file data-v7.pdb (PDB, C-alpha atoms and all ligand atoms)
ATOM      1  CA  MET X 274       2.385  -8.421  -5.376
ATOM      2  CA  HIS X 275       4.501 -11.554  -4.912
ATOM      3  CA  ASP X 276       5.457 -12.741  -1.435
ATOM      4  CA  TRP X 277       9.110 -11.855  -1.944
ATOM      5  CA  MET X 278       8.087  -8.317  -2.963
ATOM      6  CA  LEU X 279       5.961  -7.943   0.150
ATOM      7  CA  GLU X 280       8.882  -9.146   2.265
ATOM      8  CA  GLU X 281      11.196  -6.696   0.531
ATOM      9  CA  CYS X 282       8.803  -3.800   1.170
ATOM     10  CA  ARG X 283       8.522  -4.789   4.816
ATOM     11  CA  ALA X 284      12.312  -4.711   5.129
ATOM     12  CA  SER X 285      12.437  -1.328   3.368
ATOM     13  CA  ARG X 286       9.849   0.093   5.759
ATOM     14  CA  ARG X 287      11.832  -1.175   8.726
ATOM     15  CA  ARG X 288      14.934   0.547   7.337
ATOM     16  CA  MET X 289      12.950   3.740   6.670
ATOM     17  CA  VAL X 290      11.785   3.783  10.293
ATOM     18  CA  ASP X 291      15.238   3.017  11.714
ATOM     19  CA  GLU X 292      17.180   5.521   9.650
ATOM     20  CA  GLN X 293      14.762   8.384   9.011
ATOM     21  CA  ILE X 294      12.516   8.315  12.045
ATOM     22  CA  ARG X 295      13.992   6.531  15.070
ATOM     23  CA  GLY X 296      17.430   7.758  13.961
ATOM     24  CA  ARG X 297      16.178  11.356  14.193
ATOM     25  CA  GLY X 298      14.844  11.067  17.697
ATOM     26  CA  ILE X 299      11.212   9.937  17.383
ATOM     27  CA  ASP X 300      10.799   7.140  19.900
ATOM     28  CA  ASP X 301       7.044   6.721  20.481
ATOM     29  CA  PRO X 302       6.701   2.950  19.992
ATOM     30  CA  ARG X 303       3.100   3.143  18.721
ATOM     31  CA  VAL X 304       4.058   5.694  16.059
ATOM     32  CA  LEU X 305       7.101   3.668  15.002
ATOM     33  CA  ALA X 306       5.020   0.474  14.774
ATOM     34  CA  ALA X 307       2.318   2.187  12.691
ATOM     35  CA  MET X 308       4.912   3.565  10.279
ATOM     36  CA  GLU X 309       6.438   0.121   9.945
ATOM     37  CA  GLU X 310       3.086  -1.558   9.330
ATOM     38  CA  VAL X 311       1.276   0.787   6.919
ATOM     39  CA  PRO X 312       2.292  -0.162   3.344
ATOM     40  CA  ARG X 313       3.547   3.259   2.171
ATOM     41  CA  GLU X 314       4.489   1.725  -1.200
ATOM     42  CA  LEU X 315       0.770   1.366  -2.052
ATOM     43  CA  PHE X 316      -0.027   5.031  -1.382
ATOM     44  CA  VAL X 317       2.490   6.485  -3.839
ATOM     45  CA  PRO X 318       1.705   6.512  -7.572
ATOM     46  CA  PRO X 319       2.831   3.200  -9.194
ATOM     47  CA  GLU X 320       5.552   4.913 -11.267
ATOM     48  CA  LYS X 321       7.024   6.368  -8.044
ATOM     49  CA  ARG X 322       7.051   3.054  -6.162
ATOM     50  CA  ASP X 323      10.837   2.757  -6.295
ATOM     51  CA  ALA X 324      11.053   6.017  -4.355
ATOM     52  CA  ALA X 325       8.326   5.098  -1.830
ATOM     53  CA  PHE X 326      10.777   4.915   1.087
ATOM     54  CA  SER X 327      12.991   7.816   0.063
ATOM     55  CA  ASP X 328      13.612  10.612   2.549
ATOM     56  CA  GLY X 329      11.352  13.214   0.953
ATOM     57  CA  ALA X 330       7.871  14.166  -0.234
ATOM     58  CA  LEU X 331       6.552  12.694  -3.509
ATOM     59  CA  PRO X 332       4.068  14.053  -6.068
ATOM     60  CA  LEU X 333       0.589  12.494  -5.911
ATOM     61  CA  GLY X 334      -0.938  14.075  -9.001
ATOM     62  CA  CYS X 335      -3.471  16.954  -8.984
ATOM     63  CA  GLY X 336      -0.581  19.218  -7.842
ATOM     64  CA  GLN X 337      -0.523  17.572  -4.395
ATOM     65  CA  THR X 338       2.138  15.643  -2.480
ATOM     66  CA  ILE X 339       2.475  12.783   0.004
ATOM     67  CA  SER X 340       4.638  14.060   2.875
ATOM     68  CA  GLN X 341       8.145  12.922   3.764
ATOM     69  CA  PRO X 342       8.020   9.888   6.122
ATOM     70  CA  TYR X 343       9.801  11.840   8.874
ATOM     71  CA  VAL X 344       7.226  14.651   8.720
ATOM     72  CA  VAL X 345       4.345  12.135   8.890
ATOM     73  CA  ALA X 346       5.943  10.541  11.961
ATOM     74  CA  TYR X 347       6.777  13.907  13.557
ATOM     75  CA  MET X 348       3.225  15.258  13.169
ATOM     76  CA  THR X 349       1.739  12.002  14.408
ATOM     77  CA  ALA X 350       4.030  11.943  17.448
ATOM     78  CA  CYS X 351       3.144  15.596  18.221
ATOM     79  CA  LEU X 352      -0.514  14.645  18.537
ATOM     80  CA  GLU X 353       0.082  11.916  21.173
ATOM     81  CA  VAL X 354      -2.877   9.947  19.824
ATOM     82  CA  GLN X 355      -4.434   7.470  22.251
ATOM     83  CA  ALA X 356      -6.400   4.365  21.361
ATOM     84  CA  HIS X 357      -9.777   5.837  22.401
ATOM     85  CA  HIS X 358      -9.348   9.104  20.486
ATOM     86  CA  ARG X 359     -11.495  10.523  17.701
ATOM     87  CA  VAL X 360      -9.251  12.311  15.220
ATOM     88  CA  LEU X 361     -10.064  14.785  12.461
ATOM     89  CA  GLU X 362      -7.662  14.928   9.528
ATOM     90  CA  VAL X 363      -7.810  17.717   6.939
ATOM     91  CA  GLY X 364      -6.197  16.911   3.568
ATOM     92  CA  THR X 365      -6.632  13.163   2.938
ATOM     93  CA  GLY X 366      -4.408  13.216  -0.175
ATOM     94  CA  SER X 367      -3.224   9.660  -0.776
ATOM     95  CA  GLY X 368      -4.735   8.420   2.498
ATOM     96  CA  TYR X 369      -1.303   7.424   3.853
ATOM     97  CA  GLN X 370      -1.416   9.671   6.914
ATOM     98  CA  THR X 371      -5.055   8.597   7.382
ATOM     99  CA  ALA X 372      -3.963   4.946   7.529
ATOM    100  CA  VAL X 373      -1.253   5.759  10.081
ATOM    101  CA  LEU X 374      -3.753   7.637  12.271
ATOM    102  CA  ALA X 375      -6.328   4.852  11.877
ATOM    103  CA  ARG X 376      -3.888   2.373  13.473
ATOM    104  CA  LEU X 377      -3.516   4.608  16.517
ATOM    105  CA  ALA X 378      -6.993   6.059  17.124
ATOM    106  CA  ALA X 379     -10.519   4.734  17.623
ATOM    107  CA  GLU X 380     -11.966   6.731  14.733
ATOM    108  CA  VAL X 381     -10.569   8.982  12.020
ATOM    109  CA  TYR X 382     -12.649  11.587  10.167
ATOM    110  CA  THR X 383     -10.899  12.844   7.055
ATOM    111  CA  ILE X 384     -11.791  15.600   4.586
ATOM    112  CA  GLU X 385     -10.296  16.146   1.129
ATOM    113  CA  ARG X 386     -11.017  18.977  -1.294
ATOM    114  CA  VAL X 387     -10.079  17.114  -4.505
ATOM    115  CA  GLY X 388     -12.687  14.464  -5.346
ATOM    116  CA  ALA X 389     -10.356  12.320  -7.488
ATOM    117  CA  LEU X 390      -7.811  12.016  -4.672
ATOM    118  CA  LEU X 391     -10.510  11.195  -2.145
ATOM    119  CA  SER X 392     -11.981   8.400  -4.314
ATOM    120  CA  ALA X 393      -8.556   6.815  -4.785
ATOM    121  CA  ALA X 394      -7.731   7.062  -1.082
ATOM    122  CA  ARG X 395     -11.112   5.586  -0.101
ATOM    123  CA  ALA X 396     -10.701   2.637  -2.465
ATOM    124  CA  LEU X 397      -7.218   1.906  -1.170
ATOM    125  CA  LEU X 398      -8.166   2.186   2.513
ATOM    126  CA  ASN X 399     -11.136  -0.141   1.896
ATOM    127  CA  SER X 400      -8.964  -2.656   0.083
ATOM    128  CA  LEU X 401      -6.605  -2.672   3.076
ATOM    129  CA  GLY X 402      -9.522  -3.310   5.423
ATOM    130  CA  VAL X 403      -9.130  -0.006   7.281
ATOM    131  CA  GLY X 404     -12.619   0.222   8.762
ATOM    132  CA  ASN X 405     -12.448   3.061  11.297
ATOM    133  CA  VAL X 406     -12.295   5.935   8.807
ATOM    134  CA  ARG X 407     -15.126   8.195   7.723
ATOM    135  CA  SER X 408     -14.344  10.515   4.833
ATOM    136  CA  ARG X 409     -15.936  13.284   2.833
ATOM    137  CA  GLU X 410     -15.154  15.682   0.022
ATOM    138  CA  GLY X 411     -15.172  19.338   1.010
ATOM    139  CA  ASP X 412     -13.460  22.281   2.658
ATOM    140  CA  GLY X 413     -11.729  20.990   5.772
ATOM    141  CA  SER X 414     -10.744  24.490   6.919
ATOM    142  CA  LEU X 415     -14.282  24.573   8.338
ATOM    143  CA  GLY X 416     -13.817  21.237  10.116
ATOM    144  CA  TRP X 417     -16.631  18.692  10.444
ATOM    145  CA  PRO X 418     -19.032  20.218  12.989
ATOM    146  CA  GLU X 419     -21.445  17.236  13.099
ATOM    147  CA  PHE X 420     -18.766  15.068  14.673
ATOM    148  CA  ALA X 421     -17.047  17.687  16.855
ATOM    149  CA  PRO X 422     -15.509  17.900  19.375
ATOM    150  CA  PHE X 423     -12.399  15.976  18.354
ATOM    151  CA  ASP X 424      -9.621  14.798  20.669
ATOM    152  CA  ARG X 425      -7.037  15.470  17.991
ATOM    153  CA  ILE X 426      -6.936  17.413  14.712
ATOM    154  CA  MET X 427      -4.227  17.162  12.059
ATOM    155  CA  VAL X 428      -4.044  19.473   9.058
ATOM    156  CA  THR X 429      -1.697  18.276   6.312
ATOM    157  CA  ALA X 430      -1.852  21.413   4.153
ATOM    158  CA  ALA X 431      -0.508  24.874   4.927
ATOM    159  CA  ALA X 432      -2.671  27.739   6.184
ATOM    160  CA  PRO X 433      -1.862  31.456   6.508
ATOM    161  CA  ARG X 434      -3.201  31.312  10.092
ATOM    162  CA  VAL X 435      -4.838  28.762  12.374
ATOM    163  CA  PRO X 436      -8.475  28.356  11.229
ATOM    164  CA  GLU X 437     -10.743  29.439  14.086
ATOM    165  CA  SER X 438     -13.358  26.774  13.174
ATOM    166  CA  LEU X 439     -10.824  24.035  13.821
ATOM    167  CA  VAL X 440      -9.813  25.409  17.231
ATOM    168  CA  ARG X 441     -13.523  25.551  18.141
ATOM    169  CA  GLN X 442     -13.933  21.860  17.238
ATOM    170  CA  LEU X 443     -11.177  20.756  19.602
ATOM    171  CA  GLY X 444     -12.248  19.138  22.872
ATOM    172  CA  GLU X 445     -10.768  20.013  26.280
ATOM    173  CA  GLY X 446      -7.243  18.581  26.514
ATOM    174  CA  GLY X 447      -7.212  18.418  22.725
ATOM    175  CA  ARG X 448      -4.282  18.910  20.367
ATOM    176  CA  LEU X 449      -4.187  20.340  16.855
ATOM    177  CA  VAL X 450      -1.173  20.289  14.565
ATOM    178  CA  ILE X 451      -0.998  22.477  11.459
ATOM    179  CA  PRO X 452       1.622  24.089   9.192
ATOM    180  CA  VAL X 453       1.172  27.871   9.432
ATOM    181  CA  GLY X 454       2.914  30.576   7.436
ATOM    182  CA  GLY X 455       3.563  31.676   3.867
ATOM    183  CA  VAL X 456       3.053  29.772   0.636
ATOM    184  CA  ALA X 457       6.718  28.751   0.330
ATOM    185  CA  GLN X 458       7.597  27.953   3.943
ATOM    186  CA  GLN X 459       5.696  27.345   7.164
ATOM    187  CA  THR X 460       6.126  26.443  10.805
ATOM    188  CA  LEU X 461       4.493  23.287  12.028
ATOM    189  CA  THR X 462       2.465  24.596  14.937
ATOM    190  CA  LEU X 463       0.999  22.679  17.856
ATOM    191  CA  ILE X 464      -2.130  24.035  19.528
ATOM    192  CA  ARG X 465      -3.285  22.639  22.856
ATOM    193  CA  LEU X 466      -6.544  23.374  24.606
ATOM    194  CA  GLU X 467      -5.907  23.233  28.357
ATOM    195  CA  ASN X 468      -8.471  24.360  30.929
ATOM    196  CA  GLY X 469     -10.153  26.383  28.199
ATOM    197  CA  ARG X 470      -6.872  28.137  27.291
ATOM    198  CA  VAL X 471      -5.413  27.900  23.798
ATOM    199  CA  ILE X 472      -1.642  27.354  23.941
ATOM    200  CA  GLU X 473       0.291  27.646  20.705
ATOM    201  CA  THR X 474       3.855  26.288  20.247
ATOM    202  CA  PRO X 475       5.978  26.475  17.080
ATOM    203  CA  ARG X 476       7.669  23.132  16.414
ATOM    204  CA  LEU X 477       9.362  22.572  13.053
ATOM    205  CA  PRO X 478      10.034  24.424   9.771
ATOM    206  CA  VAL X 479       8.115  22.654   6.993
ATOM    207  CA  ARG X 480       6.916  23.069   3.435
ATOM    208  CA  PHE X 481       3.383  21.941   2.587
ATOM    209  CA  VAL X 482       0.979  22.558  -0.285
ATOM    210  CA  LYS X 483      -1.702  25.151   0.359
ATOM    211  CA  LEU X 484      -4.829  24.604   2.389
ATOM    212  CA  VAL X 485      -7.391  26.105   0.034
ATOM    213  CA  GLY X 486     -10.636  27.126   1.642
ATOM    214  CA  ASP X 487     -12.871  29.541   3.473
ATOM    215  CA  GLN X 488     -10.512  29.892   6.442
ATOM    216  CA  ALA X 489      -7.292  29.453   4.496
ATOM    217  CA  TRP X 490      -5.868  30.486   1.091
ATOM    218  CA  SER X 491      -8.106  31.276  -1.848
ATOM    219  CA  ALA X 492      -7.536  28.993  -4.852
ATOM    220  CA  ASP X 493      -5.623  31.615  -6.849
ATOM    221  CA  THR X 494      -3.240  32.959  -4.159
ATOM    222  CA  ASN X 495       0.297  33.666  -5.400
ATOM    223  CA  PRO X 496       0.213  31.226  -8.317
ATOM    224  CA  THR X 497       3.772  32.243  -9.295
ATOM    225  CA  GLU X 498       5.144  31.218  -5.891
ATOM    226  CA  GLU X 499       3.818  27.686  -6.193
ATOM    227  CA  LYS X 500       6.481  26.416  -8.578
TER     228      LYS X 500
HETATM  229  N1  LIG D 601      -1.750  13.712   4.169
HETATM  230  C1  LIG D 601      -1.658  13.461   2.756
HETATM  231  C2  LIG D 601      -0.923  14.547   2.006
HETATM  232  C3  LIG D 601      -1.747  15.711   1.852
HETATM  233  S1  LIG D 601      -1.283  16.896   0.643
HETATM  234  C4  LIG D 601      -1.008  12.130   2.481
HETATM  235  O1  LIG D 601      -0.612  11.439   3.425
HETATM  236  O2  LIG D 601      -0.951  11.746   1.316
HETATM  237  C5  LIG D 601      -2.496  18.081   1.105
HETATM  238  C6  LIG D 601      -3.890  17.720   0.713
HETATM  239  O3  LIG D 601      -4.765  18.716   1.258
HETATM  240  C7  LIG D 601      -4.110  17.724  -0.786
HETATM  241  O4  LIG D 601      -4.631  16.500  -1.190
HETATM  242  C8  LIG D 601      -5.118  18.865  -0.997
HETATM  243  O5  LIG D 601      -6.021  18.626  -2.055
HETATM  244  C9  LIG D 601      -5.830  18.908   0.336
HETATM  245  N2  LIG D 601      -6.507  20.157   0.674
HETATM  246  C10 LIG D 601      -6.142  21.430   0.396
HETATM  247  N3  LIG D 601      -7.035  22.299   0.914
HETATM  248  C11 LIG D 601      -8.003  21.551   1.525
HETATM  249  C12 LIG D 601      -9.189  21.871   2.258
HETATM  250  N4  LIG D 601      -9.597  23.123   2.474
HETATM  251  N5  LIG D 601      -9.918  20.836   2.743
HETATM  252  C13 LIG D 601      -9.540  19.555   2.563
HETATM  253  N6  LIG D 601      -8.431  19.199   1.880
HETATM  254  C14 LIG D 601      -7.665  20.182   1.377
END

call {"tool": "encode", "arguments": {"input": "data-v7.pdb", "output": "structure tokens"}}
result
Amino acid sequence: MHDWMLEECRASRRRMVDEQIRGRGIDDPRVLAAMEEVPRELFVPPEKRDAAFSDGALPLGCGQTISQPYVVAYMTACLEVQAHHRVLEVGTGSGYQTAVLARLAAEVYTIERVGALLSAARALLNSLGVGNVRSREGDGSLGWPEFAPFDRIMVTAAAPRVPESLVRQLGEGGRLVIPVGGVAQQTLTLIRLENGRVIETPRLPVRFVKLVGDQAWSADTNPTEEK
């Protein structure tokens, strides 16, 4: 990209953060800075680049979507990620949310079910010099036991209920955010582990693609409802 294009994208990201994120009440300065710095325009398919900063989700291919900027910021703010944290992300998709988390945490572990999406996300994150991410292809509803416990867990696909494996991989004081509910509509749910107690709080109505896996939906659930 030319310098003037880079400058234009930077200005668009600043506007996106001001209008869609800060303007709607998210004020965590680290989250706002990360959203301003990560080049969202590179994570959307090239033919969708004009819409990169629009106030909605965008198709990624393979039937998946990159979330609305506000939802990315909201979920990230919910987690209260600190610089020393180890974070597990389920549903790498484009790698955009991964890049945002990688700016805030010490290490990000991310799992994606669709190999083609994972390869593209890996290549892009590498080209941007994002070094603190470890990724693998697989079923993230089972977590990543070798690297547990995690300080924070973010699931960016919708589950019918909170996967027990993920709660078990949360460390004391940990936070997990996940959309829970039906195929068409879910509630973004925050789970905190405090003094060994699991505290669950509903936060925001959302609409995510399905988490498909052992502790989530099976691949062929309600195909007619997906449209
Ligand atoms: N956070 C992504 C958007 C994710 S869309 C971004 O910023 O672009 C949801 C993703 O979850 C899809 O890529 C989908 O393939 C993936 N997914 C669905 N079920 C999964 C599972 N069990 N394990 C890992 N990834 C899964």

call {"tool": "resolve_selection", "arguments": {"input": "data-v7.pdb", "expression": "the PyMOL selection byres (((not hetatm)) within 6 of (chain D and resi 601))", "output": "PDB file with C-alpha atoms, in the coordinates of the input"}}
result
ATOM      1  CA  GLN X 337      -0.523  17.572  -4.395  1.00  0.00           C
ATOM      2  CA  THR X 338       2.138  15.643  -2.480  1.00  0.00           C
ATOM      3  CA  ILE X 339       2.475  12.783   0.004  1.00  0.00           C
ATOM      4  CA  SER X 340       4.638  14.060   2.875  1.00  0.00           C
ATOM      5  CA  VAL X 363      -7.810  17.717   6.939  1.00  0.00           C
ATOM      6  CA  GLY X 364      -6.197  16.911   3.568  1.00  0.00           C
ATOM      7  CA  THR X 365      -6.632  13.163   2.938  1.00  0.00           C
ATOM      8  CA  GLY X 366      -4.408  13.216  -0.175  1.00  0.00           C
ATOM      9  CA  SER X 367      -3.224   9.660  -0.776  1.00  0.00           C
ATOM     10  CA  GLY X 368      -4.735   8.420   2.498  1.00  0.00           C
ATOM     11  CA  TYR X 369      -1.303   7.424   3.853  1.00  0.00           C
ATOM     12  CA  GLN X 370      -1.416   9.671   6.914  1.00  0.00           C
ATOM     13  CA  ILE X 384     -11.791  15.600   4.586  1.00  0.00           C
ATOM     14  CA  GLU X 385     -10.296  16.146   1.129  1.00  0.00           C
ATOM     15  CA  ARG X 386     -11.017  18.977  -1.294  1.00  0.00           C
ATOM     16  CA  VAL X 387     -10.079  17.114  -4.505  1.00  0.00           C
ATOM     17  CA  GLY X 411     -15.172  19.338   1.010  1.00  0.00           C
ATOM     18  CA  ASP X 412     -13.460  22.281   2.658  1.00  0.00           C
ATOM     19  CA  GLY X 413     -11.729  20.990   5.772  1.00  0.00           C
ATOM     20  CA  SER X 414     -10.744  24.490   6.919  1.00  0.00           C
ATOM     21  CA  THR X 429      -1.697  18.276   6.312  1.00  0.00           C
ATOM     22  CA  ALA X 430      -1.852  21.413   4.153  1.00  0.00           C
ATOM     23  CA  VAL X 482       0.979  22.558  -0.285  1.00  0.00           C
ATOM     24  CA  LYS X 483      -1.702  25.151   0.359  1.00  0.00           C
ATOM     25  CA  LEU X 484      -4.829  24.604   2.389  1.00  0.00           C
ATOM     26  CA  VAL X 485      -7.391  26.105   0.034  1.00  0.00           C
ATOM     27  CA  GLY X 486     -10.636  27.126   1.642  1.00  0.00           C
TER      28      GLY X 486
END

call {"tool": "closest_residue", "arguments": {"input": "data-v7.pdb", "among": "X:Leu279, X:Val479, X:Ile299, X:Val453", "to": "Gly329 (chain X)", "atoms": "all atoms listed in the file"}}
result
X:Val479

call {"tool": "atom_distance", "arguments": {"input": "data-v7.pdb", "atom1": "CA of Gly469 (chain X)", "atom2": "CA of Trp417 (chain X)"}}
result
20.4 Å

call {"tool": "resolve_selection", "arguments": {"input": "data-v7.pdb", "expression": "the PyMOL selection byres (((chain X and resi 324) around 12) and not hetatm)", "output": "list in words"}}
result
Cys282, Ser285, Arg286, Met289, Arg313, Glu314, Leu315, Phe316, Val317, Pro318, Pro319, Glu320, Lys321, Arg322, Asp323, Ala325, Phe326, Ser327, Asp328, Gly329, Ala330, Leu331, Pro332, Ile339, Gln341 and Pro342 of chain X

call {"tool": "write_last_selection", "arguments": {"input": "data-v7.pdb", "atoms": "C-alpha atoms", "output": "PDB file, in the frame of the given file"}}
result
ATOM      1  CA  CYS X 282       8.803  -3.800   1.170  1.00  0.00           C
ATOM      2  CA  SER X 285      12.437  -1.328   3.368  1.00  0.00           C
ATOM      3  CA  ARG X 286       9.849   0.093   5.759  1.00  0.00           C
ATOM      4  CA  MET X 289      12.950   3.740   6.670  1.00  0.00           C
ATOM      5  CA  ARG X 313       3.547   3.259   2.171  1.00  0.00           C
ATOM      6  CA  GLU X 314       4.489   1.725  -1.200  1.00  0.00           C
ATOM      7  CA  LEU X 315       0.770   1.366  -2.052  1.00  0.00           C
ATOM      8  CA  PHE X 316      -0.027   5.031  -1.382  1.00  0.00           C
ATOM      9  CA  VAL X 317       2.490   6.485  -3.839  1.00  0.00           C
ATOM     10  CA  PRO X 318       1.705   6.512  -7.572  1.00  0.00           C
ATOM     11  CA  PRO X 319       2.831   3.200  -9.194  1.00  0.00           C
ATOM     12  CA  GLU X 320       5.552   4.913 -11.267  1.00  0.00           C
ATOM     13  CA  LYS X 321       7.024   6.368  -8.044  1.00  0.00           C
ATOM     14  CA  ARG X 322       7.051   3.054  -6.162  1.00  0.00           C
ATOM     15  CA  ASP X 323      10.837   2.757  -6.295  1.00  0.00           C
ATOM     16  CA  ALA X 325       8.326   5.098  -1.830  1.00  0.00           C
ATOM     17  CA  PHE X 326      10.777   4.915   1.087  1.00  0.00           C
ATOM     18  CA  SER X 327      12.991   7.816   0.063  1.00  0.00           C
ATOM     19  CA  ASP X 328      13.612  10.612   2.549  1.00  0.00           C
ATOM     20  CA  GLY X 329      11.352  13.214   0.953  1.00  0.00           C
ATOM     21  CA  ALA X 330       7.871  14.166  -0.234  1.00  0.00           C
ATOM     22  CA  LEU X 331       6.552  12.694  -3.509  1.00  0.00           C
ATOM     23  CA  PRO X 332       4.068  14.053  -6.068  1.00  0.00           C
ATOM     24  CA  ILE X 339       2.475  12.783   0.004  1.00  0.00           C
ATOM     25  CA  GLN X 341       8.145  12.922   3.764  1.00  0.00           C
ATOM     26  CA  PRO X 342       8.020   9.888   6.122  1.00  0.00           C
TER      27      PRO X 342
END

call {"tool": "atom_distance", "arguments": {"input": "data-v7.pdb", "atom1": "CA of Leu439 (chain X)", "atom2": "CA of Ala306 (chain X)"}}
result
28.4 Å

call {"tool": "closest_residue", "arguments": {"input": "data-v7.pdb", "among": "X:Gly298, X:Gly447, X:Gly334, X:Pro433", "to": "Tyr347 (chain X)", "atoms": "all atoms listed in the file"}}
result
X:Gly298

call {"tool": "atom_distance", "arguments": {"input": "data-v7.pdb", "atom1": "CA of Ala307 (chain X)", "atom2": "CA of Thr474 (chain X)"}}
result
25.3 Å

call {"tool": "residues_around", "arguments": {"input": "data-v7.pdb", "residues": "Leu449 (chain X)", "least_positions_apart": "3", "cutoff": "9 Å", "atoms": "all atoms listed in the file", "output": "ChimeraX atom specification"}}
result
/X:351-352,424-428,439-440,443,462-466

call {"tool": "closest_residue", "arguments": {"input": "data-v7.pdb", "among": "X:Ala378, X:Tyr343, X:Leu391, X:Ala284", "to": "Gln355 (chain X)", "atoms": "only C-alpha atoms"}}
result
X:Ala378

call {"tool": "closest_residue", "arguments": {"input": "data-v7.pdb", "among": "X:Val456, X:Met274, X:Ala489, X:Leu398", "to": "Thr383 (chain X)", "atoms": "all atoms listed in the file"}}
result
X:Leu398

call {"tool": "build_atoms", "arguments": {"input": "data-v7.pdb", "residues": "region 435-448 of chain X", "atoms": "N, CA, C and O atoms", "output": "short mmCIF file (atom, residue, chain, number, x, y, z; two decimals), keeping the file's coordinate frame"}}
result
data_model
loop_
_atom_site.label_atom_id
_atom_site.label_comp_id
_atom_site.auth_asym_id
_atom_site.auth_seq_id
_atom_site.Cartn_x
_atom_site.Cartn_y
_atom_site.Cartn_z
N VAL X 435 -4.10 29.92 11.86
CA VAL X 435 -4.84 28.76 12.37
C VAL X 435 -6.34 29.00 12.19
O VAL X 435 -6.87 29.99 12.69
N PRO X 436 -7.04 28.13 11.44
CA PRO X 436 -8.48 28.36 11.23
C PRO X 436 -9.25 28.28 12.55
O PRO X 436 -9.17 27.29 13.27
N GLU X 437 -9.98 29.34 12.83
CA GLU X 437 -10.74 29.44 14.09
C GLU X 437 -11.73 28.28 14.23
O GLU X 437 -11.92 27.73 15.31
N SER X 438 -12.37 27.87 13.11
CA SER X 438 -13.36 26.77 13.17
C SER X 438 -12.73 25.51 13.73
O SER X 438 -13.38 24.74 14.45
N LEU X 439 -11.48 25.27 13.37
CA LEU X 439 -10.82 24.04 13.82
C LEU X 439 -10.55 24.10 15.32
O LEU X 439 -10.76 23.13 16.04
N VAL X 440 -10.08 25.26 15.79
CA VAL X 440 -9.81 25.41 17.23
C VAL X 440 -11.12 25.18 18.01
O VAL X 440 -11.13 24.52 19.05
N ARG X 441 -12.22 25.69 17.46
CA ARG X 441 -13.52 25.55 18.14
C ARG X 441 -13.99 24.11 18.19
O ARG X 441 -14.80 23.74 19.03
N GLN X 442 -13.49 23.27 17.27
CA GLN X 442 -13.93 21.86 17.24
C GLN X 442 -13.01 20.93 18.02
O GLN X 442 -13.13 19.71 17.95
N LEU X 443 -12.10 21.54 18.77
CA LEU X 443 -11.18 20.76 19.60
C LEU X 443 -11.77 20.60 21.00
O LEU X 443 -12.27 21.56 21.57
N GLY X 444 -11.74 19.37 21.52
CA GLY X 444 -12.25 19.14 22.87
C GLY X 444 -11.23 19.56 23.92
O GLY X 444 -10.06 19.77 23.60
N GLU X 445 -11.67 19.67 25.17
CA GLU X 445 -10.77 20.01 26.28
C GLU X 445 -9.63 18.98 26.35
O GLU X 445 -9.87 17.78 26.20
N GLY X 446 -8.41 19.48 26.51
CA GLY X 446 -7.24 18.58 26.51
C GLY X 446 -6.80 18.20 25.11
O GLY X 446 -5.88 17.41 24.93
N GLY X 447 -7.46 18.79 24.12
CA GLY X 447 -7.21 18.42 22.72
C GLY X 447 -5.93 19.01 22.16
O GLY X 447 -5.35 19.95 22.72
N ARG X 448 -5.48 18.43 21.06
CA ARG X 448 -4.28 18.91 20.37
C ARG X 448 -4.56 19.02 18.89
O ARG X 448 -5.21 18.15 18.31
#
